Every structure is written in C-alpha cells, then in structure tokens.
Amino acid sequence: MTDLAMTGLFVNFFECKLSKSKFNIYEMPYVSYNTKEKYTALRKENPDYKFYKVANTIYYWSITALPSTTLTGKSITVNTAEHPKVISKIIEESILAFFRTNYSAVYKKQQCHYWDIVSNKELLNPSIKGLSVKNQTHFNTYFFRTGENISYGFLLSTSLRLNITYTRQDFEKNNIAHNDLLGKDNIVFANTKALKRLLSATGQQENYDSQVAKLNANSESFKLISATYEWLNNNRSKIFLPDNNSIASISKKYLPLENNKIYSEKLNSPTRYYFGGTTCPMTEVDVRGNKTFISYDEQVKRKKPYSYGGFSGEEVLISILCPKTYEGILEGFWNKLEATLKGKLHLEKLRFNKIVLSGTAVENYESEFYNQDLLKSHLAIVIVDEHHKTLPVKKSPYHTCKAKLIGSGIPTQDIQVVNLKNANQFTINNIALNIYAKIGGTAWTIEKEDKRMEELVIGVGSSLSSDGKLVLGIAQIFHSDGRYLVGDCTPLSTFDNYAKNLEDYLYSAISNEIDRSLNKTKEFRLIFHLFKSASFQYEIKAVENLMKRFSDTDLTFKYAFVHLAYGHNFRMFNNDGNKDVDKGTLVHISSHCKLLHFTASSSIPLEILIDGRSTFVDPYYLSKQVYWFSHLSHRTFTPSKKTVTILYPALMSRLMEKLKEIEDWDTKRPAKDSKIINTLWFI
C-alpha cells in the first residue's frame with residue numbers, strides 16, 4: 001500500500017516573472033482630462049489603449065500590435081523596481097484581455113477590487129428547474145515587497161454564481177408565491193428567501209443542499225483554482241503585453257516560498273481566566289487513559305465565571321414575554337435555560353417572571369411595557385415569531401421591545417420560536433451566555449502580556465443606515481488586574497462628524513485613565529482596529545488633534561492604524577483543501593500585510609493591513625492581539641470568527657440605526673447610561 005500524497009499550506013498567490021523588467025509606454029497629464037466625462041470620452045475614443053491614472057498622471061499603452069488611433073502623449077519607461085502599481089496594472093489588463101477571448105462574462109462590481117469571470121457551464125446534475133448554478137473565478141493582480149525586491153503576480157479564488165431563471169410568470173404558473181420576493185421587473189433575485197421558497201415549493205431542497213455542499217468544498221475550490229492557473233500558464237504565450245514584453249513564467253508553490261518571501265506560523269490561543277483569577281486546563285485524562293478536551297462551557301461551570309463575586313448572593317430577576325400560543329413549548333426550553341444559568345453560570349438566586357401575551361402583534365407586547373415586575377427586571381426574554389425580524393421596524397415586536405425596554409434600562413434577549421422547538425444544548429449554552437453578558441456578567445477574561453506603556457485599543461466598525469450611509473460604532477478594550485476586558489461600546493457617528501467624535505472619545509478615555517492613576521507623564525500606545533483604511537481626513541486628523549490637546553502635559557503617544565478586512569481575494573488551503581487550516585495560522589505576506597485564519601472549515605482568512613503612517617508597526621504583536629481578541633466574544637463560548645473590536649461596534653451601530661426608527665424612547669440612553677454601556681446589550 002502506498003502512502004497518500006500530502007501537501008502543506010497553500011496561499012492562492014501565483015507569481016509572474018516577466019521576460020523584461022521594463023515597458024516603454026506613454027504618459028499625459030491628468031489635468032487635460034480632469035472630469036469624469038472627459039476621461040470616459042478618452043477611453044471610449046481610443047479602444048486600442050488602456051489608461052491608468054496615478055496621482056496627476058495618466059499612463060497608457062497599446063493592447064494591440066497595431067492600434068487604430070494615435071495619441072500625442074510623452075514616451076516613458078516604467079520598470080519593475082520603481083513603478084509597481086503601473087506594472088501590476090499592465091499585467092492585470094493583459095490577463096483580463098485573454099480571459100475575455102474565452103469567457104463572455106468578465107466584469108467588476110462597484111467598490112470591489114477583483115474581477116469576476118463567470119463560467120458558461122451549468123453545474124447542477126441533476127438540474128433543478130428555475131435555478132442556474134455556475135462557477136465564477138475571482139481574479140486580481142497583486143504585488144508586495146520583500147526587502148528591496150518586489151514580487152508580482154495574481155490571486156485566484158472561486159465561488160458559486162446563483163441565478164433564479166424562473167420569471168414571476170413562471171412562479172405563478174408553478175403555484176409558487178412571489179409577491180414578497182425582491183427583484184427587478186420580471187426577475188426574482190436569488191437571495192436566501194427566494195431560494196428557500198423555490199426549493200421548498202419544488203421539493204428540491206435536499207437535492208440542492210447535497211450538490212452545493214460538494215461544489216463549495218475547499219478541495220473542489222482548490223481544484224478549480226489550480227485548473228485555471230494551469231490553463232493560464234500553458235497559454236501565457238498568447239497573453240499580449242505591450243513593448244514586446246511577455247510573461248516568462250507563472251509559478252504555483254506551497255509555503256514557505258524561497259527566502260521566506262511568504263511564510264506561516266501558528267499563534268497560540270490566550271489563557272482564559274475565571275473567578276478569582278483561576279485557570280482551567282484544556283484537556284484531561286479519563287479513567288481509560290484517553291486525553292479529552294474540556295469544553296469552554298464546562299470550564300466556566302467548574303471554575304465559576306470571572307464576575308461570580310458580583311452576583312453571589314444577589315437576586316437576578318428575568319421576565320419572559322411570551323404569546324399564549326407558545327406557552328406550552330416555552331416550558332421545556334425554560335427548564336433547560338434555567339438549569340444552564342444556574343449550573344454553568346452560577347446565577348444561584350435566579351427568579352423568573354412570566355408574562356403571557358394575548359397575541360403576537362406589536363401592540364400585545366407594548367401593552368406590558370409598564371408592568372411593574374417587568375420594570376424591576378435585570379433582563380427580559382422576548383419570544384418572537386421568525387417573521388418578526390423581517391417586518392418593518394415600527395411594526396416589529398423584535399425592534400420595538402429592544403428599543404422601549406433598553407430605553408428603560410432593561411436589556412432584552414429575543415428568542416425565536418424555532419429555538420423553543422429545537423432547544424439543543426449548544427443553542428441553550430449560547431443564549432445563556434448572551435443573557436449573562438447582557439446583565440453585566442463576564443464569564444471569562446483573557447491574559448494580557450505585561451507592557452511598559454499604557455495601551456488603549458479602539459475598534460471602529462460600521463453598518464449601513466436605511467438611506468445607504470455608513471454608520472459607525474466604537475468599542476474599547478482595556479485591562480484590569482492584568483486581564484483584557486471589553487470596555488464601553490457606543491454609537492459614534494456618521495462620517496460627517498466622525499473625526500471630531502473620535503477625537504473627543506479618545507480625549508475622554510485617556511483623561512479618565514490619567515485621573516485614575518494621577519500620572520501625567522505616561523507614554524500611551526493607541527491601537528486602532530478599523531473596518532476601512534486609515535484616512536488623514538478622519539483617524540489621523542483625530543490623533544493629531546488629540547496630541548495637541550495634551551501638549552501641556554508630559555504625555556507621549558505612539559499609534560498603529562490596523563485595517564481588518566474580509567473583502568479581499570486571498571484564500572488558504574491545507575493539503576489541497578482536504579484538511580482544515582489550523583485556527584491561529586498567521587501568514588506573512590509582507591511587513592505590512594498579514595493573513596490570519598479564524599475559522600477552520602473556511603478558506604477565507606482575515607487580512608491585516610498595517611498603515612505605513614503608523615508609529616508603532618510591530619506586525620507579530622498586532623496580529624497576535626487581533627487573534628486573542630476573538631476569544632473575548634461572549635456571543636458563544638467558542639472563539640468568534642471575528643475580533644470583537646470590529647464585530648461589536650458593527651452589531652451595535654446596526655441595531656441602533658434600526659432602533660432610532662422607534663418613537664418615544666430615549667435614543668441617547670445606551671450611550672450615556674453607565675449601567676447600559678458596561679453591558680453587551682446589543683449582542
């Protein structure tokens with residue numbers, strides 16, 4: 001018997017080597033075409049050229065041997081050492097032109113930095129009427145520096161492209177409801193709701209789930225990416241580059257690359273601390289000598305929550321608002337939840353107050369908002385139908401209860417009926433943990449490495465408002481007794497007042513730290529975890545103004561701007577996608593770009609980009625901190641798929657935008673009431 005072939009870690013970067021290190025192309029000043037209309041006309045009137053704007057210069061080159069028009073630009077030589085953006089763009093446009101000769105659908109979505117190349121082949125076999133599933137390849141060029149050297153290449157990834165081919169008339173003809181499905185004209189969009197409707201009505205859900213699970217497997221994605229690479233490499237002589245240049249080679253290599261140009265390492269998980277600063281081993285040996293993992297919820301049960309002392313001997317009152325039609329199925333769920341809150345989270349003096357509602361309309365919930373027992377509660381459990389979250393905000397019991405009760409200082413835990421019916425212990429554990437966090441409890445903290453300066457970590461996340469504008473939220477991570485804790489999470493602003501609000505927030509946070517320690521000679525390190533790239537107009541401006549406000553003290557500052565992104569085209573595969581990538585795997589692309597893997601079953605890592613204008617730039621330190629903060633999430637016992645510094649502000653800002661539509665409640669209370677600020681009411 002022969003051993004199965006094994007491979008290691010692979011990152012989907014394919015390096016390109018050019019036959020010549022330079023191109024003779026052309027340039028012209030942008031000022032001659034400085035409006036959208038002029039620039040568009042320039043490109044349209046000269047289809048045999050590609051144009052690329054960098055700062056105040058337009059670079060252009062021919063994409064055919066004999067262009068049909070002549071332009072009067074200035075000749076210029078660009079080389080691989082000094083013009084990486086232009087070189088990378090030339091490679092991109094040349095490969096895209098080759099894709100277009102073989103694929104009819106090659107396009108780029110707005111605000112997206114990679115291209116989609118859609119296959120013509122239908123994948124479902126047997127097929128499903130009314131549904132089209134095709135592969136699409138995502139492509140973009142990429143370059144990075146290693147010392148004085150620059151590497152050029154491209155990234156390839158894949159996903160499934162789904163389209164509902166049934167028109168609304170087809171839905172009608174096949175007796176499938178469609179009036180509530182989103183679409184345009186006669187087209188129905190292939191979102192989750194529409195797919196579920198189509199598949200359920202045609203009895204194809206099981207067939208679809210089975211086929212799509214296989215098509216989405218990491219091993220299948222790896223095969224498709226490899227096949228596309230091989231096709232491009234075998235046909236690279238057909239890829240036209242200007243100035244008689246050509247792609248000499250395209251390489252596909254497993255990590256590490258030569259001279260550790262790209263390499264990986266494994267980050268350790270942080271130690272969790274429980275009541276009294278105790279820890280719990282991750283494994284134990286049973287009576288048969290077998291080593292077994294001690295689950296995180298079991299660790300909390302054995303060692304007691306970190307904040308156990310704050311609840312010991314204190315009564316906790318939880319009200320339950322439940323429509324009478326669900327009173328029966330509530331009981332089994334209630335019993336399991338109570339046992340978990342008492343047994344695992346040690347809420348020993350726990351009391352429940354059940355409020356039975358006459359119906360499921362928003363008015364039935366509103367009628368109990370002044371119930372005196374409810375107003376005395378530490379938290380309210382609200383039982384809702386599945387469709388409540390999809391109702392208009394003002395008619396939604398989910399949003400109305402959230403707003404009105406948090407306005408009275410009472411956080412809520414909404415539970416859908418489906419979870420009452422299928423109350424497995426995993427779901428119960430997570431709901432119990434959410435409740436504990438919302439009443440101000442901290443089930444665990446994580447270790448903090450000793451530092452020689454004070455450090456403030458600020459996370460800025462975002463969501464979209466109803467009118468499509470970005471709305472921002474902020475989360476602060478602080479330390480107490482050598483442990484990391486999540487501090488206040490508050491709404492911040494829209495971009496209109498973002499810089500000023502961020503500056504004021506930082507000033508207040510640092511002033512509070514100074515007041516606590518009475519030390520005005522500290523060195524502060526400010527680390528920003530941002531959902532977007534840092535901007536001089538916003539984050540950098542806020543820090544510069546902050547330092548001016550402390551200029552009359554002996555305080556000094558270092559700062560790091562860290563962009564945490566998932567909207568990239570990097571992918572990671574272990575053993576060609578046949579084995580999960582280890583959580584905590586850190587891939588070093590360059591000094592300012594790292595990839596961090598959170599979710600074992602996924603191939604998509606988090607991209608960590610350290611802004612070059614930062615004055616603190618230790619990439620390992622910053623990456624490790626991001627990973628450790630995923631262990632601070634109290635939405636589940638297991639580590640989050642995202643760091644809390646981005647996750648929590650996004651959740652909070654998204655929810656607050658919805659709740660502002662509800663009338664007659666104090667919308668500013670979540671940002672000014674210390675009782676609410678110090679709880680995770682929004683998770």
# chains A, B, ... in the order shown; residues from 1 in each chain; ligands from 1
>>> residues_around(residues="Val133 (chain A)", least_positions_apart="3", cutoff="8 Å", atoms="only C-alpha atoms", output="list in words")
Glu122, Leu123, Leu124, Leu160, Arg161, Leu162 and Asn163 of chain A
>>> write_last_selection(atoms="C-alpha atoms", output="PDB file, in the first residue's frame")
ATOM      1  CA  GLU A 122     -24.195  24.610 -15.603  1.00  0.00           C
ATOM      2  CA  LEU A 123     -23.090  22.661 -12.532  1.00  0.00           C
ATOM      3  CA  LEU A 124     -26.211  21.023 -11.116  1.00  0.00           C
ATOM      4  CA  LEU A 160     -20.796  29.778  -6.999  1.00  0.00           C
ATOM      5  CA  ARG A 161     -22.941  32.170  -9.003  1.00  0.00           C
ATOM      6  CA  LEU A 162     -26.652  31.533  -8.468  1.00  0.00           C
ATOM      7  CA  ASN A 163     -29.455  32.870 -10.641  1.00  0.00           C
TER       8      ASN A 163
END
>>> residues_around(residues="Tyr49 (chain A)", least_positions_apart="3", cutoff="10 Å", atoms="only C-alpha atoms", output="PyMOL selection string")
chain A and resi 42-46+60-64+67-71
>>> write_last_selection(atoms="C-alpha atoms", output="PDB file, in the first residue's frame")
ATOM      1  CA  LEU A  42     -10.752  59.490 -23.840  1.00  0.00           C
ATOM      2  CA  ARG A  43     -11.130  55.787 -23.125  1.00  0.00           C
ATOM      3  CA  LYS A  44     -14.118  55.341 -25.438  1.00  0.00           C
ATOM      4  CA  GLU A  45     -12.464  57.096 -28.399  1.00  0.00           C
ATOM      5  CA  ASN A  46      -9.267  55.047 -28.059  1.00  0.00           C
ATOM      6  CA  TYR A  60      -1.413  54.428 -21.216  1.00  0.00           C
ATOM      7  CA  TRP A  61      -0.253  51.638 -23.510  1.00  0.00           C
ATOM      8  CA  SER A  62      -1.436  49.766 -26.570  1.00  0.00           C
ATOM      9  CA  ILE A  63      -3.255  46.440 -26.187  1.00  0.00           C
ATOM     10  CA  THR A  64      -2.792  45.528 -29.845  1.00  0.00           C
ATOM     11  CA  PRO A  67      -3.583  50.490 -32.651  1.00  0.00           C
ATOM     12  CA  SER A  68      -6.185  52.240 -34.798  1.00  0.00           C
ATOM     13  CA  THR A  69      -5.680  55.671 -33.232  1.00  0.00           C
ATOM     14  CA  THR A  70      -2.655  57.780 -32.308  1.00  0.00           C
ATOM     15  CA  LEU A  71      -2.268  59.845 -29.156  1.00  0.00           C
TER      16      LEU A  71
END
>>> atom_distance(atom1="CA of Phe311 (chain A)", atom2="CA of Tyr436 (chain A)")
10.4 Å
>>> residues_around(residues="region 601-609 of chain A", least_positions_apart="2", cutoff="9 Å", atoms="only C-alpha atoms", output="ChimeraX atom specification")
/A:218,533,561-574,577,579-581,592-599,611,619,622-623,626,642
>>> write_last_selection(atoms="N, CA and C atoms", output="JSON list (two decimals), in the first residue's frame")
[["chain", "number", "residue", "atom", "x", "y", "z"],
["A", 218, "ASN", "N", -13.76, 22.96, 0.07],
["A", 218, "ASN", "CA", -12.46, 23.59, -0.17],
["A", 218, "ASN", "C", -11.63, 22.81, -1.18],
["A", 533, "SER", "N", -9.52, 51.47, 5.50],
["A", 533, "SER", "CA", -8.17, 52.04, 5.55],
["A", 533, "SER", "C", -8.19, 53.36, 6.31],
["A", 561, "PHE", "N", -2.48, 52.13, 13.08],
["A", 561, "PHE", "CA", -3.75, 52.03, 12.37],
["A", 561, "PHE", "C", -3.77, 50.68, 11.66],
["A", 562, "VAL", "N", -4.68, 49.82, 12.07],
["A", 562, "VAL", "CA", -4.73, 48.45, 11.56],
["A", 562, "VAL", "C", -6.07, 48.24, 10.86],
["A", 563, "HIS", "N", -6.02, 48.03, 9.55],
["A", 563, "HIS", "CA", -7.23, 47.77, 8.77],
["A", 563, "HIS", "C", -7.49, 46.27, 8.77],
["A", 564, "LEU", "N", -8.65, 45.85, 9.27],
["A", 564, "LEU", "CA", -9.03, 44.44, 9.33],
["A", 564, "LEU", "C", -10.09, 44.19, 8.28],
["A", 565, "ALA", "N", -9.78, 43.34, 7.28],
["A", 565, "ALA", "CA", -10.64, 43.24, 6.11],
["A", 565, "ALA", "C", -10.92, 41.79, 5.73],
["A", 566, "TYR", "N", -12.17, 41.56, 5.27],
["A", 566, "TYR", "CA", -12.55, 40.27, 4.69],
["A", 566, "TYR", "C", -12.88, 40.40, 3.20],
["A", 567, "GLY", "N", -12.98, 41.61, 2.69],
["A", 567, "GLY", "CA", -13.39, 41.81, 1.30],
["A", 567, "GLY", "C", -12.24, 41.72, 0.33],
["A", 568, "HIS", "N", -11.34, 40.77, 0.54],
["A", 568, "HIS", "CA", -10.16, 40.59, -0.30],
["A", 568, "HIS", "C", -10.29, 39.30, -1.10],
["A", 569, "ASN", "N", -9.24, 38.93, -1.82],
["A", 569, "ASN", "CA", -9.30, 37.75, -2.68],
["A", 569, "ASN", "C", -8.30, 36.67, -2.25],
["A", 570, "PHE", "N", -7.72, 36.80, -1.06],
["A", 570, "PHE", "CA", -6.80, 35.78, -0.56],
["A", 570, "PHE", "C", -7.57, 34.55, -0.09],
["A", 571, "ARG", "N", -6.97, 33.38, -0.29],
["A", 571, "ARG", "CA", -7.52, 32.12, 0.23],
["A", 571, "ARG", "C", -6.38, 31.27, 0.77],
["A", 572, "MET", "N", -6.69, 30.43, 1.77],
["A", 572, "MET", "CA", -5.73, 29.49, 2.33],
["A", 572, "MET", "C", -6.26, 28.07, 2.19],
["A", 573, "PHE", "N", -5.37, 27.14, 1.83],
["A", 573, "PHE", "CA", -5.75, 25.73, 1.72],
["A", 573, "PHE", "C", -4.68, 24.87, 2.38],
["A", 574, "ASN", "N", -5.13, 23.84, 3.09],
["A", 574, "ASN", "CA", -4.22, 22.88, 3.69],
["A", 574, "ASN", "C", -4.44, 21.53, 3.01],
["A", 577, "GLY", "N", -6.89, 21.56, 0.21],
["A", 577, "GLY", "CA", -8.29, 21.73, 0.61],
["A", 577, "GLY", "C", -8.91, 20.51, 1.24],
["A", 579, "LYS", "N", -7.89, 19.20, 4.07],
["A", 579, "LYS", "CA", -7.72, 19.30, 5.52],
["A", 579, "LYS", "C", -7.92, 20.74, 5.93],
["A", 580, "ASP", "N", -8.52, 20.95, 7.10],
["A", 580, "ASP", "CA", -8.76, 22.31, 7.57],
["A", 580, "ASP", "C", -7.45, 23.01, 7.90],
["A", 581, "VAL", "N", -7.44, 24.32, 7.67],
["A", 581, "VAL", "CA", -6.33, 25.16, 8.11],
["A", 581, "VAL", "C", -6.49, 25.38, 9.61],
["A", 592, "HIS", "N", 3.78, 44.74, 6.08],
["A", 592, "HIS", "CA", 2.56, 45.46, 6.42],
["A", 592, "HIS", "C", 1.28, 44.67, 6.12],
["A", 593, "CYS", "N", 1.41, 43.47, 5.58],
["A", 593, "CYS", "CA", 0.22, 42.66, 5.25],
["A", 593, "CYS", "C", 0.37, 41.26, 5.81],
["A", 594, "LYS", "N", -0.62, 40.85, 6.62],
["A", 594, "LYS", "CA", -0.65, 39.51, 7.21],
["A", 594, "LYS", "C", -2.04, 38.91, 6.97],
["A", 595, "LEU", "N", -2.08, 37.59, 6.91],
["A", 595, "LEU", "CA", -3.34, 36.86, 6.81],
["A", 595, "LEU", "C", -3.49, 36.02, 8.06],
["A", 596, "LEU", "N", -4.65, 36.12, 8.71],
["A", 596, "LEU", "CA", -4.89, 35.41, 9.97],
["A", 596, "LEU", "C", -6.13, 34.54, 9.83],
["A", 597, "HIS", "N", -5.99, 33.26, 10.15],
["A", 597, "HIS", "CA", -7.08, 32.32, 9.95],
["A", 597, "HIS", "C", -7.86, 32.10, 11.24],
["A", 598, "PHE", "N", -9.19, 32.29, 11.18],
["A", 598, "PHE", "CA", -10.05, 32.16, 12.35],
["A", 598, "PHE", "C", -10.92, 30.90, 12.31],
["A", 599, "THR", "N", -11.47, 30.58, 11.13],
["A", 599, "THR", "CA", -12.49, 29.54, 11.03],
["A", 599, "THR", "C", -11.94, 28.33, 10.29],
["A", 611, "ASP", "N", -1.08, 50.32, 8.50],
["A", 611, "ASP", "CA", -0.87, 51.56, 7.75],
["A", 611, "ASP", "C", 0.57, 52.04, 7.91],
["A", 619, "PRO", "N", 4.37, 43.87, 13.52],
["A", 619, "PRO", "CA", 3.30, 43.09, 12.88],
["A", 619, "PRO", "C", 2.89, 41.85, 13.67],
["A", 622, "LEU", "N", 0.77, 43.00, 16.75],
["A", 622, "LEU", "CA", -0.55, 43.47, 16.36],
["A", 622, "LEU", "C", -1.44, 42.32, 15.87],
["A", 623, "SER", "N", -0.86, 41.36, 15.14],
["A", 623, "SER", "CA", -1.64, 40.23, 14.64],
["A", 623, "SER", "C", -2.07, 39.33, 15.78],
["A", 626, "VAL", "N", -4.99, 40.85, 17.63],
["A", 626, "VAL", "CA", -6.25, 40.67, 16.90],
["A", 626, "VAL", "C", -6.81, 39.28, 17.14],
["A", 642, "LYS", "N", -14.59, 36.61, 14.26],
["A", 642, "LYS", "CA", -14.05, 37.95, 14.07],
["A", 642, "LYS", "C", -13.60, 38.49, 15.41]]
>>> atom_distance(atom1="CA of Ile446 (chain A)", atom2="CA of Ile646 (chain A)")
17.7 Å
>>> select_by_dssp(residues="region 358-540 of chain A", states="strand (DSSP E)", output="ChimeraX atom specification")
/A:379-384,412-416,445-447,454-464,470-480,483-494,523-530
>>> closest_residue(among="A:Val11, A:Val86, A:Val587, A:Ile91", to="Phe240 (chain A)", atoms="only C-alpha atoms")
A:Ile91
>>> decode(residues="region 221-248 of chain A", atoms="N, CA and C atoms", output="JSON list (two decimals), in the first residue's frame")
[["chain", "number", "residue", "atom", "x", "y", "z"],
["A", 221, "SER", "N", -12.77, 23.83, -4.61],
["A", 221, "SER", "CA", -12.27, 25.17, -4.95],
["A", 221, "SER", "C", -10.80, 25.12, -5.35],
["A", 222, "PHE", "N", -10.03, 24.34, -4.59],
["A", 222, "PHE", "CA", -8.60, 24.23, -4.90],
["A", 222, "PHE", "C", -8.39, 23.64, -6.30],
["A", 223, "LYS", "N", -9.17, 22.63, -6.66],
["A", 223, "LYS", "CA", -9.05, 22.02, -7.99],
["A", 223, "LYS", "C", -9.34, 23.05, -9.08],
["A", 224, "LEU", "N", -10.38, 23.84, -8.90],
["A", 224, "LEU", "CA", -10.75, 24.83, -9.91],
["A", 224, "LEU", "C", -9.70, 25.93, -10.04],
["A", 225, "ILE", "N", -9.18, 26.38, -8.90],
["A", 225, "ILE", "CA", -8.13, 27.40, -8.92],
["A", 225, "ILE", "C", -6.89, 26.86, -9.64],
["A", 226, "SER", "N", -6.52, 25.61, -9.31],
["A", 226, "SER", "CA", -5.34, 25.00, -9.93],
["A", 226, "SER", "C", -5.53, 24.83, -11.44],
["A", 227, "ALA", "N", -6.75, 24.45, -11.84],
["A", 227, "ALA", "CA", -7.02, 24.26, -13.27],
["A", 227, "ALA", "C", -6.93, 25.59, -14.02],
["A", 228, "THR", "N", -7.41, 26.67, -13.40],
["A", 228, "THR", "CA", -7.33, 27.99, -14.04],
["A", 228, "THR", "C", -5.87, 28.43, -14.15],
["A", 229, "TYR", "N", -5.10, 28.20, -13.09],
["A", 229, "TYR", "CA", -3.67, 28.51, -13.14],
["A", 229, "TYR", "C", -2.98, 27.76, -14.28],
["A", 230, "GLU", "N", -3.23, 26.46, -14.37],
["A", 230, "GLU", "CA", -2.58, 25.64, -15.40],
["A", 230, "GLU", "C", -2.96, 26.11, -16.81],
["A", 231, "TRP", "N", -4.22, 26.49, -16.98],
["A", 231, "TRP", "CA", -4.68, 27.00, -18.28],
["A", 231, "TRP", "C", -3.95, 28.29, -18.64],
["A", 232, "LEU", "N", -3.83, 29.21, -17.67],
["A", 232, "LEU", "CA", -3.13, 30.46, -17.93],
["A", 232, "LEU", "C", -1.65, 30.22, -18.19],
["A", 233, "ASN", "N", -1.04, 29.35, -17.39],
["A", 233, "ASN", "CA", 0.38, 29.09, -17.55],
["A", 233, "ASN", "C", 0.68, 28.43, -18.90],
["A", 234, "ASN", "N", -0.16, 27.50, -19.31],
["A", 234, "ASN", "CA", 0.04, 26.81, -20.59],
["A", 234, "ASN", "C", -0.18, 27.73, -21.79],
["A", 235, "ASN", "N", -0.95, 28.79, -21.58],
["A", 235, "ASN", "CA", -1.28, 29.71, -22.68],
["A", 235, "ASN", "C", -0.66, 31.09, -22.50],
["A", 236, "ARG", "N", 0.36, 31.19, -21.65],
["A", 236, "ARG", "CA", 0.90, 32.53, -21.35],
["A", 236, "ARG", "C", 1.51, 33.19, -22.58],
["A", 237, "SER", "N", 1.93, 32.39, -23.58],
["A", 237, "SER", "CA", 2.48, 32.98, -24.82],
["A", 237, "SER", "C", 1.41, 33.71, -25.62],
["A", 238, "LYS", "N", 0.15, 33.40, -25.35],
["A", 238, "LYS", "CA", -0.95, 34.05, -26.06],
["A", 238, "LYS", "C", -1.43, 35.32, -25.35],
["A", 239, "ILE", "N", -0.86, 35.60, -24.17],
["A", 239, "ILE", "CA", -1.24, 36.80, -23.40],
["A", 239, "ILE", "C", -0.39, 37.97, -23.91],
["A", 240, "PHE", "N", -1.04, 38.94, -24.54],
["A", 240, "PHE", "CA", -0.33, 40.06, -25.17],
["A", 240, "PHE", "C", 0.05, 41.10, -24.12],
["A", 241, "LEU", "N", 1.34, 41.44, -24.07],
["A", 241, "LEU", "CA", 1.84, 42.54, -23.27],
["A", 241, "LEU", "C", 2.46, 43.58, -24.19],
["A", 242, "PRO", "N", 2.41, 44.86, -23.83],
["A", 242, "PRO", "CA", 2.98, 45.90, -24.70],
["A", 242, "PRO", "C", 4.51, 45.83, -24.76],
["A", 243, "ASP", "N", 5.06, 46.54, -25.72],
["A", 243, "ASP", "CA", 6.51, 46.70, -25.87],
["A", 243, "ASP", "C", 7.23, 45.36, -26.03],
["A", 244, "ASN", "N", 6.58, 44.39, -26.69],
["A", 244, "ASN", "CA", 7.19, 43.08, -26.95],
["A", 244, "ASN", "C", 7.65, 42.37, -25.68],
["A", 245, "ASN", "N", 7.04, 42.72, -24.58],
["A", 245, "ASN", "CA", 7.33, 42.01, -23.33],
["A", 245, "ASN", "C", 6.43, 40.77, -23.26],
["A", 246, "SER", "N", 6.70, 39.88, -22.33],
["A", 246, "SER", "CA", 5.88, 38.68, -22.19],
["A", 246, "SER", "C", 6.00, 38.13, -20.78],
["A", 247, "ILE", "N", 5.08, 37.25, -20.42],
["A", 247, "ILE", "CA", 5.15, 36.57, -19.12],
["A", 247, "ILE", "C", 6.01, 35.33, -19.31],
["A", 248, "ALA", "N", 7.19, 35.34, -18.69],
["A", 248, "ALA", "CA", 8.14, 34.23, -18.86],
["A", 248, "ALA", "C", 7.71, 33.00, -18.08]]
